[in-house]
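Source file: run-v2.pdb; contents: PDB, C-alpha atoms.
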```
ATOM      1  CA  MET A   1      86.357 107.254  90.789
ATOM      2  CA  LYS A   2      86.733 104.761  93.576
ATOM      3  CA  ARG A   3      88.132 107.121  96.186
ATOM      4  CA  PRO A   4      86.955 110.663  95.527
ATOM      5  CA  TRP A   5      88.303 111.859  98.880
ATOM      6  CA  LEU A   6      91.879 110.854  98.031
ATOM      7  CA  PRO A   7      92.974 114.133  96.362
ATOM      8  CA  LEU A   8      91.469 116.072  99.243
ATOM      9  CA  ALA A   9      93.298 113.895 101.752
ATOM     10  CA  VAL A  10      96.596 114.424  99.906
ATOM     11  CA  PHE A  11      95.917 118.160  99.831
ATOM     12  CA  VAL A  12      95.231 118.260 103.573
ATOM     13  CA  VAL A  13      98.441 116.356 104.295
ATOM     14  CA  LEU A  14     100.440 118.770 102.124
ATOM     15  CA  LEU A  15      98.713 121.668 103.867
ATOM     16  CA  GLY A  16      99.826 120.170 107.174
ATOM     17  CA  PHE A  17     103.436 120.029 105.952
ATOM     18  CA  LEU A  18     103.193 123.652 104.818
ATOM     19  CA  GLY A  19     101.763 124.691 108.187
ATOM     20  CA  VAL A  20     104.579 122.992 110.078
ATOM     21  CA  GLY A  21     107.126 124.425 107.648
ATOM     22  CA  LEU A  22     105.881 127.946 108.240
ATOM     23  CA  THR A  23     106.281 127.675 111.994
ATOM     24  CA  LEU A  24     109.858 126.387 111.791
ATOM     25  CA  LYS A  25     112.592 128.952 112.256
ATOM     26  CA  PRO A  26     115.500 128.000 110.036
ATOM     27  CA  ARG A  27     117.446 131.012 111.316
ATOM     28  CA  GLU A  28     117.497 129.647 114.839
ATOM     29  CA  LEU A  29     119.868 126.747 114.720
ATOM     30  CA  PRO A  30     120.503 124.568 117.719
ATOM     31  CA  SER A  31     124.069 124.815 118.862
ATOM     32  CA  ALA A  32     126.195 121.810 118.026
ATOM     33  CA  LEU A  33     127.803 122.292 121.438
ATOM     34  CA  ILE A  34     124.726 121.756 123.618
ATOM     35  CA  ASP A  35     125.801 119.699 126.668
ATOM     36  CA  GLN A  36     129.404 119.957 125.501
ATOM     37  CA  PRO A  37     132.104 121.788 127.440
ATOM     38  CA  VAL A  38     132.783 125.375 126.408
ATOM     39  CA  PRO A  39     135.793 125.230 124.104
ATOM     40  CA  PRO A  40     138.856 126.268 126.087
ATOM     41  CA  PHE A  41     140.118 129.760 125.378
ATOM     42  CA  ARG A  42     141.807 132.668 127.073
ATOM     43  CA  LEU A  43     141.085 136.174 125.941
ATOM     44  CA  PRO A  44     142.154 139.616 127.098
ATOM     45  CA  VAL A  45     139.644 141.499 129.208
ATOM     46  CA  LEU A  46     138.297 144.396 127.173
ATOM     47  CA  ALA A  47     138.820 146.988 129.917
ATOM     48  CA  ALA A  48     142.155 145.523 131.056
ATOM     49  CA  PRO A  49     143.984 144.077 128.048
ATOM     50  CA  GLY A  50     146.835 142.709 130.154
ATOM     51  CA  GLN A  51     144.486 140.407 132.035
ATOM     52  CA  PHE A  52     143.402 137.135 130.420
ATOM     53  CA  VAL A  53     140.225 135.278 131.318
ATOM     54  CA  GLY A  54     138.700 132.051 130.077
ATOM     55  CA  PRO A  55     135.838 129.672 130.897
ATOM     56  CA  GLU A  56     138.083 127.890 133.403
ATOM     57  CA  ASP A  57     137.834 130.923 135.681
ATOM     58  CA  MET A  58     134.053 130.512 135.845
ATOM     59  CA  ARG A  59     134.109 126.884 137.019
ATOM     60  CA  GLY A  60     131.691 126.126 139.826
ATOM     61  CA  GLN A  61     129.111 128.736 138.926
ATOM     62  CA  VAL A  62     126.302 129.034 136.432
ATOM     63  CA  TRP A  63     126.977 131.937 134.094
ATOM     64  CA  LEU A  64     125.849 133.559 130.902
ATOM     65  CA  LEU A  65     128.016 134.421 127.948
ATOM     66  CA  ASN A  66     126.657 137.110 125.660
ATOM     67  CA  VAL A  67     128.276 137.690 122.272
ATOM     68  CA  TRP A  68     128.088 141.367 121.364
ATOM     69  CA  ALA A  69     129.732 144.088 119.312
ATOM     70  CA  SER A  70     129.459 147.832 119.044
ATOM     71  CA  TRP A  71     128.640 147.476 115.318
ATOM     72  CA  CYS A  72     125.739 145.150 116.051
ATOM     73  CA  VAL A  73     122.328 146.782 115.834
ATOM     74  CA  ALA A  74     120.362 143.997 117.511
ATOM     75  CA  CYS A  75     122.739 144.270 120.491
ATOM     76  CA  GLN A  76     121.323 147.719 121.184
ATOM     77  CA  VAL A  77     117.841 146.209 121.154
ATOM     78  CA  GLU A  78     118.667 143.586 123.776
ATOM     79  CA  HIS A  79     120.915 145.856 125.793
ATOM     80  CA  PRO A  80     118.239 147.242 128.194
ATOM     81  CA  VAL A  81     117.128 143.651 128.868
ATOM     82  CA  LEU A  82     120.673 142.695 129.803
ATOM     83  CA  MET A  83     120.970 145.793 131.987
ATOM     84  CA  ASP A  84     117.827 144.760 133.861
ATOM     85  CA  PHE A  85     119.181 141.241 134.192
ATOM     86  CA  ALA A  86     122.473 142.498 135.615
ATOM     87  CA  ARG A  87     120.642 144.700 138.130
ATOM     88  CA  ALA A  88     118.193 142.035 139.284
ATOM     89  CA  GLN A  89     120.211 138.818 139.138
ATOM     90  CA  ARG A  90     123.410 137.692 140.739
ATOM     91  CA  THR A  91     124.296 135.315 137.924
ATOM     92  CA  PRO A  92     127.547 136.465 136.290
ATOM     93  CA  LEU A  93     127.085 137.764 132.778
ATOM     94  CA  LEU A  94     130.221 137.780 130.665
ATOM     95  CA  GLY A  95     130.493 139.503 127.331
ATOM     96  CA  LEU A  96     132.321 138.184 124.313
ATOM     97  CA  ASN A  97     133.164 141.303 122.365
ATOM     98  CA  TYR A  98     133.177 139.802 118.874
ATOM     99  CA  LYS A  99     135.264 141.259 116.034
ATOM    100  CA  ASP A 100     135.201 144.733 117.446
ATOM    101  CA  ARG A 101     137.639 147.552 118.006
ATOM    102  CA  PRO A 102     138.349 147.878 121.732
ATOM    103  CA  ASP A 103     138.100 151.677 121.714
ATOM    104  CA  GLU A 104     134.698 151.563 120.009
ATOM    105  CA  ALA A 105     133.518 148.769 122.272
ATOM    106  CA  LEU A 106     134.511 150.681 125.401
ATOM    107  CA  ARG A 107     132.841 153.824 124.105
ATOM    108  CA  TRP A 108     129.675 151.821 123.388
ATOM    109  CA  LEU A 109     129.645 150.493 126.964
ATOM    110  CA  ALA A 110     130.255 153.963 128.390
ATOM    111  CA  GLN A 111     127.371 155.289 126.348
ATOM    112  CA  HIS A 112     124.814 152.527 126.900
ATOM    113  CA  GLY A 113     125.877 151.128 130.266
ATOM    114  CA  ASN A 114     127.809 147.990 131.076
ATOM    115  CA  PRO A 115     125.809 144.915 132.131
ATOM    116  CA  TYR A 116     128.840 142.622 131.963
ATOM    117  CA  GLN A 117     130.946 141.437 134.825
ATOM    118  CA  ARG A 118     133.709 141.429 132.230
ATOM    119  CA  SER A 119     133.892 141.530 128.476
ATOM    120  CA  LEU A 120     136.482 139.454 126.676
ATOM    121  CA  ALA A 121     137.871 140.784 123.436
ATOM    122  CA  ASP A 122     137.689 138.323 120.531
ATOM    123  CA  ARG A 123     139.144 140.658 117.955
ATOM    124  CA  ASP A 124     139.691 138.206 115.106
ATOM    125  CA  GLY A 125     136.604 136.091 115.823
ATOM    126  CA  ARG A 126     138.565 132.882 116.468
ATOM    127  CA  VAL A 127     136.766 132.107 119.706
ATOM    128  CA  GLY A 128     133.528 132.890 117.897
ATOM    129  CA  ILE A 129     134.322 130.128 115.408
ATOM    130  CA  GLU A 130     135.161 127.742 118.268
ATOM    131  CA  LEU A 131     131.730 128.444 119.754
ATOM    132  CA  GLY A 132     129.943 128.201 116.416
ATOM    133  CA  VAL A 133     128.812 131.825 116.548
ATOM    134  CA  TYR A 134     127.085 132.717 113.298
ATOM    135  CA  GLY A 135     125.171 135.836 114.207
ATOM    136  CA  VAL A 136     125.601 138.505 116.827
ATOM    137  CA  PRO A 137     124.079 138.721 119.407
ATOM    138  CA  GLU A 138     124.129 135.208 120.811
ATOM    139  CA  THR A 139     123.652 134.167 124.415
ATOM    140  CA  TYR A 140     124.875 130.985 126.084
ATOM    141  CA  VAL A 141     123.905 129.469 129.419
ATOM    142  CA  ILE A 142     126.835 127.579 130.930
ATOM    143  CA  ASP A 143     126.540 125.287 133.933
ATOM    144  CA  ARG A 144     128.829 124.772 136.914
ATOM    145  CA  ALA A 145     130.793 122.061 135.144
ATOM    146  CA  GLY A 146     131.503 124.418 132.251
ATOM    147  CA  ARG A 147     129.094 122.811 129.813
ATOM    148  CA  ILE A 148     126.930 124.792 127.390
ATOM    149  CA  ARG A 149     123.308 124.096 128.256
ATOM    150  CA  TYR A 150     121.492 126.563 126.055
ATOM    151  CA  ARG A 151     122.177 128.876 123.158
ATOM    152  CA  HIS A 152     119.979 131.686 121.916
ATOM    153  CA  THR A 153     120.628 133.428 118.615
ATOM    154  CA  GLY A 154     119.393 136.978 118.214
ATOM    155  CA  ALA A 155     118.384 139.607 120.715
ATOM    156  CA  VAL A 156     117.392 138.459 124.203
ATOM    157  CA  THR A 157     113.790 139.478 124.854
ATOM    158  CA  PRO A 158     112.236 140.043 128.294
ATOM    159  CA  GLU A 159     109.998 137.007 127.591
ATOM    160  CA  LEU A 160     112.943 134.764 126.802
ATOM    161  CA  LEU A 161     114.677 135.921 129.961
ATOM    162  CA  ARG A 162     111.579 135.406 132.120
ATOM    163  CA  ASP A 163     110.286 132.147 130.606
ATOM    164  CA  THR A 164     113.470 130.348 129.634
ATOM    165  CA  LEU A 165     116.762 131.750 130.861
ATOM    166  CA  ILE A 166     115.966 132.606 134.490
ATOM    167  CA  PRO A 167     114.095 129.320 135.175
ATOM    168  CA  MET A 168     116.964 127.435 133.574
ATOM    169  CA  ILE A 169     119.553 129.240 135.716
ATOM    170  CA  GLY A 170     117.418 128.412 138.772
ATOM    171  CA  ARG A 171     117.344 124.721 137.835
ATOM    172  CA  LEU A 172     121.064 124.597 137.173
ATOM    173  CA  ASN A 173     121.782 126.308 140.488
ATOM    174  CA  GLY A 174     119.319 124.164 142.424
TER     175      GLY A 174
ATOM    176  CA  MET B   1     124.220 166.896  68.592
ATOM    177  CA  ALA B   2     122.868 163.411  68.114
ATOM    178  CA  GLU B   3     126.370 162.160  67.620
ATOM    179  CA  ARG B   4     127.523 163.589  70.925
ATOM    180  CA  PHE B   5     124.534 162.155  72.649
ATOM    181  CA  MET B   6     125.329 158.778  71.140
ATOM    182  CA  GLU B   7     128.933 159.074  72.280
ATOM    183  CA  ARG B   8     127.919 159.838  75.828
ATOM    184  CA  PHE B   9     125.305 157.135  75.790
ATOM    185  CA  LEU B  10     127.847 154.588  74.644
ATOM    186  CA  SER B  11     130.413 155.605  77.237
ATOM    187  CA  VAL B  12     127.826 155.307  79.988
ATOM    188  CA  LEU B  13     126.806 151.930  78.604
ATOM    189  CA  LEU B  14     130.439 150.857  78.589
ATOM    190  CA  LEU B  15     130.779 151.884  82.222
ATOM    191  CA  TRP B  16     127.676 149.925  83.106
ATOM    192  CA  VAL B  17     129.082 146.846  81.490
ATOM    193  CA  CYS B  18     132.536 147.295  82.972
ATOM    194  CA  VAL B  19     131.719 148.025  86.578
ATOM    195  CA  PRO B  20     130.306 144.582  87.414
ATOM    196  CA  VAL B  21     133.202 142.957  85.591
ATOM    197  CA  LEU B  22     135.658 145.005  87.644
ATOM    198  CA  ALA B  23     133.811 144.055  90.807
ATOM    199  CA  LEU B  24     133.996 140.401  89.841
ATOM    200  CA  ALA B  25     137.683 140.705  89.158
ATOM    201  CA  GLN B  26     138.076 142.117  92.654
ATOM    202  CA  THR B  27     136.273 139.253  94.395
ATOM    203  CA  ALA B  28     137.912 136.588  92.290
ATOM    204  CA  LEU B  29     141.347 137.641  93.479
ATOM    205  CA  PRO B  30     142.760 134.820  95.564
ATOM    206  CA  ASN B  31     143.694 135.758  99.096
ATOM    207  CA  SER B  32     146.935 133.882  99.089
ATOM    208  CA  ALA B  33     149.651 133.772  96.499
ATOM    209  CA  ASP B  34     149.276 130.024  95.983
ATOM    210  CA  PRO B  35     146.551 129.255  93.416
ATOM    211  CA  ALA B  36     146.687 125.505  94.078
ATOM    212  CA  LEU B  37     145.994 126.060  97.769
ATOM    213  CA  GLU B  38     143.237 128.505  96.898
ATOM    214  CA  ALA B  39     141.611 125.910  94.636
ATOM    215  CA  ARG B  40     141.633 123.381  97.482
ATOM    216  CA  VAL B  41     140.134 125.968  99.846
ATOM    217  CA  MET B  42     137.333 126.580  97.366
ATOM    218  CA  VAL B  43     136.610 122.849  96.889
ATOM    219  CA  ILE B  44     136.069 122.516 100.643
ATOM    220  CA  ALA B  45     134.194 125.819 100.903
ATOM    221  CA  GLU B  46     131.761 124.565  98.235
ATOM    222  CA  GLU B  47     130.760 121.795 100.642
ATOM    223  CA  LEU B  48     129.870 124.165 103.472
ATOM    224  CA  ARG B  49     126.770 126.213 104.022
ATOM    225  CA  CYS B  50     127.104 129.829 105.021
ATOM    226  CA  LEU B  51     124.995 130.143 108.164
ATOM    227  CA  VAL B  52     124.464 133.857 107.725
ATOM    228  CA  CYS B  53     122.918 133.579 104.255
ATOM    229  CA  GLN B  54     121.717 130.040 104.431
ATOM    230  CA  ASN B  55     121.285 129.261 100.757
ATOM    231  CA  GLU B  56     124.830 130.106  99.836
ATOM    232  CA  THR B  57     128.004 128.131 100.157
ATOM    233  CA  ILE B  58     130.919 129.517 102.070
ATOM    234  CA  ALA B  59     132.702 129.683  98.736
ATOM    235  CA  ALA B  60     130.040 131.944  97.215
ATOM    236  CA  SER B  61     129.131 134.076 100.183
ATOM    237  CA  HIS B  62     130.498 137.516 100.907
ATOM    238  CA  ALA B  63     129.355 137.463 104.527
ATOM    239  CA  GLU B  64     132.137 138.258 106.945
ATOM    240  CA  LEU B  65     131.720 134.895 108.655
ATOM    241  CA  ALA B  66     132.221 133.143 105.312
ATOM    242  CA  VAL B  67     135.423 135.103 104.730
ATOM    243  CA  ASP B  68     136.649 134.112 108.212
ATOM    244  CA  LEU B  69     135.758 130.472 107.633
ATOM    245  CA  ARG B  70     137.554 130.438 104.282
ATOM    246  CA  GLN B  71     140.564 131.807 106.139
ATOM    247  CA  GLN B  72     140.125 129.044 108.706
ATOM    248  CA  ILE B  73     140.069 126.410 105.937
ATOM    249  CA  ARG B  74     143.149 127.970 104.359
ATOM    250  CA  SER B  75     145.183 127.963 107.553
ATOM    251  CA  GLN B  76     144.128 124.417 108.423
ATOM    252  CA  LEU B  77     145.155 123.211 104.956
ATOM    253  CA  GLN B  78     148.489 124.929 105.460
ATOM    254  CA  GLN B  79     148.843 122.996 108.705
ATOM    255  CA  GLY B  80     148.373 119.817 106.692
ATOM    256  CA  ARG B  81     144.850 118.899 107.727
ATOM    257  CA  THR B  82     142.786 116.813 105.331
ATOM    258  CA  ALA B  83     139.515 117.943 103.786
ATOM    259  CA  GLN B  84     137.581 115.484 105.953
ATOM    260  CA  GLU B  85     139.236 116.800 109.116
ATOM    261  CA  ILE B  86     138.240 120.331 108.171
ATOM    262  CA  LEU B  87     134.633 119.315 107.433
ATOM    263  CA  ASP B  88     134.542 117.567 110.817
ATOM    264  CA  PHE B  89     135.933 120.694 112.474
ATOM    265  CA  MET B  90     133.119 122.744 110.968
ATOM    266  CA  SER B  91     130.295 120.325 111.778
ATOM    267  CA  GLN B  92     131.524 119.962 115.368
ATOM    268  CA  ARG B  93     131.102 123.697 115.828
ATOM    269  CA  TYR B  94     128.212 124.590 113.569
ATOM    270  CA  GLY B  95     126.304 121.296 113.462
ATOM    271  CA  ASP B  96     125.497 119.048 110.504
ATOM    272  CA  PHE B  97     123.466 121.892 109.019
ATOM    273  CA  VAL B  98     126.720 123.419 107.837
ATOM    274  CA  LEU B  99     127.365 120.423 105.561
ATOM    275  CA  TYR B 100     125.676 120.584 102.181
ATOM    276  CA  ARG B 101     125.975 116.798 101.929
ATOM    277  CA  PRO B 102     124.106 115.438 104.928
ATOM    278  CA  PRO B 103     125.963 112.617 106.671
ATOM    279  CA  TRP B 104     124.644 109.052 106.575
ATOM    280  CA  GLN B 105     123.235 108.568 110.093
ATOM    281  CA  SER B 106     120.223 106.962 111.726
ATOM    282  CA  ARG B 107     118.726 110.458 111.947
ATOM    283  CA  THR B 108     119.122 111.078 108.215
ATOM    284  CA  LEU B 109     118.015 107.619 107.016
ATOM    285  CA  LEU B 110     114.596 108.890 105.934
ATOM    286  CA  LEU B 111     116.216 111.788 104.126
ATOM    287  CA  TRP B 112     118.476 109.496 102.125
ATOM    288  CA  LEU B 113     116.060 106.605 101.594
ATOM    289  CA  GLY B 114     112.774 108.536 101.434
ATOM    290  CA  PRO B 115     112.882 109.235  97.693
ATOM    291  CA  PHE B 116     113.632 105.569  96.923
ATOM    292  CA  LEU B 117     110.816 104.424  99.227
ATOM    293  CA  LEU B 118     108.434 106.784  97.430
ATOM    294  CA  LEU B 119     109.631 105.476  94.072
ATOM    295  CA  ALA B 120     109.156 101.847  95.153
ATOM    296  CA  TRP B 121     105.668 102.645  96.411
ATOM    297  CA  ALA B 122     104.779 104.384  93.132
ATOM    298  CA  VAL B 123     106.074 101.427  91.078
ATOM    299  CA  TRP B 124     104.031  99.040  93.243
ATOM    300  CA  VAL B 125     100.834 101.108  92.805
ATOM    301  CA  VAL B 126     101.287 101.413  89.041
ATOM    302  CA  THR B 127     102.036  97.719  88.470
ATOM    303  CA  ARG B 128      99.052  96.746  90.601
ATOM    304  CA  ARG B 129      96.757  99.007  88.600
ATOM    305  CA  LEU B 130      98.081  97.834  85.252
ATOM    306  CA  GLY B 131      97.837  94.197  86.334
ATOM    307  CA  ALA B 132      94.245  94.658  87.477
ATOM    308  CA  ARG B 133      93.335  96.294  84.184
ATOM    309  CA  GLY B 134      94.884  93.445  82.141
ATOM    310  CA  ARG B 135      93.159  90.688  84.081
ATOM    311  CA  SER B 136      89.678  92.126  84.381
ATOM    312  CA  THR B 137      87.131  90.985  81.766
ATOM    313  CA  PRO B 138      84.352  93.394  80.846
ATOM    314  CA  ALA B 139      80.937  92.638  82.353
ATOM    315  CA  PRO B 140      78.608  90.725  79.986
ATOM    316  CA  LEU B 141      76.121  92.883  78.092
ATOM    317  CA  SER B 142      72.587  93.179  79.346
ATOM    318  CA  PRO B 143      69.871  92.086  76.861
ATOM    319  CA  GLN B 144      69.012  95.735  76.102
ATOM    320  CA  GLU B 145      72.681  96.545  75.415
ATOM    321  CA  ALA B 146      73.025  93.458  73.228
ATOM    322  CA  ALA B 147      69.981  94.461  71.220
ATOM    323  CA  ARG B 148      71.283  98.035  70.770
ATOM    324  CA  ALA B 149      74.716  96.746  69.730
ATOM    325  CA  ALA B 150      73.135  94.390  67.198
ATOM    326  CA  GLN B 151      71.068  97.235  65.808
ATOM    327  CA  LEU B 152      74.087  99.519  65.481
ATOM    328  CA  LEU B 153      76.070  96.792  63.768
ATOM    329  CA  SER B 154      73.269  95.962  61.339
ATOM    330  CA  ASP B 155      72.832  99.673  60.551
ATOM    331  CA  ARG B 156      76.441 100.029  59.538
ATOM    332  CA  GLY B 157      76.134  98.508  56.041
ATOM    333  CA  GLN B 158      73.228 100.733  55.008
ATOM    334  CA  PRO B 159      73.666 104.310  53.797
TER     335      PRO B 159
END
```
This structure in structure tokens:
Amino acid sequence: MKRPWLPLAVFVVLLGFLGVGLTLKPRELPSALIDQPVPPFRLPVLAAPGQFVGPEDMRGQVWLLNVWASWCVACQVEHPVLMDFARAQRTPLLGLNYKDRPDEALRWLAQHGNPYQRSLADRDGRVGIELGVYGVPETYVIDRAGRIRYRHTGAVTPELLRDTLIPMIGRLNG
Amino acid sequence: MAERFMERFLSVLLLWVCVPVLALAQTALPNSADPALEARVMVIAEELRCLVCQNETIAASHAELAVDLRQQIRSQLQQGRTAQEILDFMSQRYGDFVLYRPPWQSRTLLLWLGPFLLLAWAVWVVTRRLGARGRSTPAPLSPQEAARAAQLLSDRGQP
């Protein structure tokens, strides 16, 4: 054989592909709306259904939008992290209460605490579709101009908050 | 006794066979009264990936998001949107990942052309090898080899 190392080289290359493949996270999709404006919507405030709020009302400030529901188990996992965030930071945190019953959502907040400046009720999930929500919880960082700068799928961890979200908010505010 | 056992066994078996069929019948029920519309919804839903269970189409998935997105397709068709407009709507919100047929873009060139490049490379390697084999002439025999060959050949006639 002229090149006895060739099969080994091919094997190592394939091994490299496998290694890279194993570290990819196919569940965590980048949002198609990164650097795009938040889709316009107006939704009733969960605690005050007569009052309607949308992204337009948040213009001029950096804010977070957290998609949550009382039926969502991972939301309970991230909830203490969001509570800490709300206590320590002045950045507005809005909730998008996704496909939930208002009475159950309000009971959930009463039971676990309410980290949100306001929660908006997306009962039929239409706004969720506009945002490309595919799993609850999701968290969006939105800049002063109303553009989505970051999207996280799954529970917010203290590490994510410390290493990614808070520095990003600082940059966007600075 | 055995007969009764058999009877019960068969009725249980019948139930086992029927229950999945009933369940299928339930899911196959169209959500709107118009079967033609429903068929069009399904054709489009076949093209879209369910992001909750990523190896299923929106047509096949029972995830709640898939049900909502089928409803979205249905209402957009009723508003007179074309299939392409609906696919664009979905990829604008969920990214190209939602499309089972990746679009032809600079980013996806390797994806589309890669297999053909590999094939061309393989054809090139094989033709080169075959050509080399055809052209090469075997090395002349050394004197020892010639002597051994002559001996073998001369041995052949004798028992």
message: Please expand the PyMOL selection byres ((chain B) within 10 of (chain A)) into the concrete residues it hits in this file, giving the result as a ChimeraX atom specification.
response: /B:50-54,64-66,68-69,72,89-97
- prompt: Which distance in Å separates CA of Glu78 (chain A) and CA of Thr153 (chain A), to one decimal?
  reply: 11.6 Å
task: Check the smallest atom-to-atom distance from each of A:Arg144, A:Lys25, A:Arg118, A:Arg149 to Gly54 (chain A) using all atoms listed in the file, then report the winner.
output: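 Among the listed residues, A:Arg118 lies closest to Gly54 (chain A).
Neighbourhood of point (131.1, 119.8, 133.9): residues with an atom at most 10 Å away, counting all atoms listed in the file, are A:Asp35, A:Gln36, A:Pro37, A:Val38, A:Arg59, A:Gly60, A:Ile142, A:Asp143, A:Arg144, A:Ala145, A:Gly146, A:Arg147, A:Ile148.
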Leaving out region 78-82 of chain B and any residue of its chain fewer than 6 positions from it, which residues lie within 12 Å of it when counting all atoms listed in the file, given as an mmCIF file with C-alpha atoms, in the coordinates of the input?
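Just written: selection27.cif:
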```cif
data_model
loop_
_atom_site.group_PDB
_atom_site.id
_atom_site.type_symbol
_atom_site.label_atom_id
_atom_site.label_comp_id
_atom_site.auth_asym_id
_atom_site.auth_seq_id
_atom_site.Cartn_x
_atom_site.Cartn_y
_atom_site.Cartn_z
ATOM 1 C CA SER B 32 146.935 133.882 99.089
ATOM 2 C CA ASP B 34 149.276 130.024 95.983
ATOM 3 C CA ALA B 36 146.687 125.505 94.078
ATOM 4 C CA LEU B 37 145.994 126.060 97.769
ATOM 5 C CA GLU B 38 143.237 128.505 96.898
ATOM 6 C CA ARG B 40 141.633 123.381 97.482
ATOM 7 C CA VAL B 41 140.134 125.968 99.846
ATOM 8 C CA ILE B 44 136.069 122.516 100.643
ATOM 9 C CA GLN B 71 140.564 131.807 106.139
ATOM 10 C CA GLN B 72 140.125 129.044 108.706
ATOM 11 C CA ASP B 88 134.542 117.567 110.817
ATOM 12 C CA PHE B 89 135.933 120.694 112.474
#
```
task: Up to 8 Å from (135.7, 141.1, 127.3) in the file's coordinates: name the residues, counting only C-alpha atoms, as number ranges by chain.
output: A: 43-47, 94-97, 118-122
Give, as lines of an AutoDock Vina configuration file, the centre coordinates and the x, y and z edge lengths in Å to one decimal for an axis-aligned box around all listed atoms of region 31-37 of chain A, padded by 4 Å on each side.
```
center_x = 128.1
center_y = 122.3
center_z = 122.7
size_x = 16.0
size_y = 13.1
size_z = 17.4
```
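One distance worth recording is that between CA of Arg101 (chain B) and CA of Leu117 (chain B), which is 19.8 Å.
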- request: Have a look at B:Met42, B:Leu130, B:Val123, B:Leu113 and name the one nearest to Ile58 (chain B); count all atoms listed in the file.
  value: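 So, comparing all the options, the nearest one is B:Met42.
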Who sits within 10 Å of Asn66 (chain A), only C-alpha atoms, same chain under 4 positions skipped, as a list in words: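 The neighbour list is Cys75, Leu82, Leu93, Leu94, Gly95, Leu96, Asn97, Tyr98, Tyr116, Ser119, Val136, Pro137, Glu138, Thr139, Tyr140, Val141, Arg151, His152, Thr153, Ala155 and Val156 of chain A.
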- request: I need the residue set behind the PyMOL selection byres ((chain A and resi 158-164) around 9) for this file; please write it as a count of residues only.
  value: 11
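The interatomic distance for the pair CA of Leu119 (chain B) and CA of Gly131 (chain B) works out to 18.1 Å.
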query: What does the PyMOL selection byres ((chain A and resi 103) around 12) select in this file, as a PyMOL selection string?
result: chain A and resi 46-49+69-70+97+100-102+104-110+121+123
Generate N, CA and C atoms for region 3-16 of chain A and emit them as a short mmCIF file (atom, residue, chain, number, x, y, z; two decimals), in the frame of the given file.
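Contents of out.cif, freshly written:
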```
data_model
loop_
_atom_site.label_atom_id
_atom_site.label_comp_id
_atom_site.auth_asym_id
_atom_site.auth_seq_id
_atom_site.Cartn_x
_atom_site.Cartn_y
_atom_site.Cartn_z
N ARG A 3 87.89 106.40 94.93
CA ARG A 3 88.13 107.12 96.19
C ARG A 3 88.16 108.62 95.93
N PRO A 4 87.00 109.23 95.87
CA PRO A 4 86.96 110.66 95.53
C PRO A 4 87.61 111.54 96.58
N TRP A 5 87.73 111.04 97.80
CA TRP A 5 88.30 111.86 98.88
C TRP A 5 89.83 111.88 98.84
N LEU A 6 90.42 111.00 97.99
CA LEU A 6 91.88 110.85 98.03
C LEU A 6 92.62 112.17 97.70
N PRO A 7 92.25 112.87 96.63
CA PRO A 7 92.97 114.13 96.36
C PRO A 7 92.84 115.11 97.52
N LEU A 8 91.67 115.16 98.11
CA LEU A 8 91.47 116.07 99.24
C LEU A 8 92.38 115.68 100.41
N ALA A 9 92.45 114.37 100.65
CA ALA A 9 93.30 113.90 101.75
C ALA A 9 94.76 114.27 101.50
N VAL A 10 95.21 114.07 100.25
CA VAL A 10 96.60 114.42 99.91
C VAL A 10 96.81 115.92 100.12
N PHE A 11 95.82 116.71 99.69
CA PHE A 11 95.92 118.16 99.83
C PHE A 11 96.03 118.55 101.31
N VAL A 12 95.21 117.92 102.15
CA VAL A 12 95.23 118.26 103.57
C VAL A 12 96.58 117.90 104.19
N VAL A 13 97.13 116.75 103.77
CA VAL A 13 98.44 116.36 104.30
C VAL A 13 99.50 117.38 103.88
N LEU A 14 99.46 117.78 102.60
CA LEU A 14 100.44 118.77 102.12
C LEU A 14 100.27 120.09 102.87
N LEU A 15 99.01 120.45 103.12
CA LEU A 15 98.71 121.67 103.87
C LEU A 15 99.33 121.58 105.27
N GLY A 16 99.22 120.39 105.86
CA GLY A 16 99.83 120.17 107.17
C GLY A 16 101.32 120.39 107.13
#
```
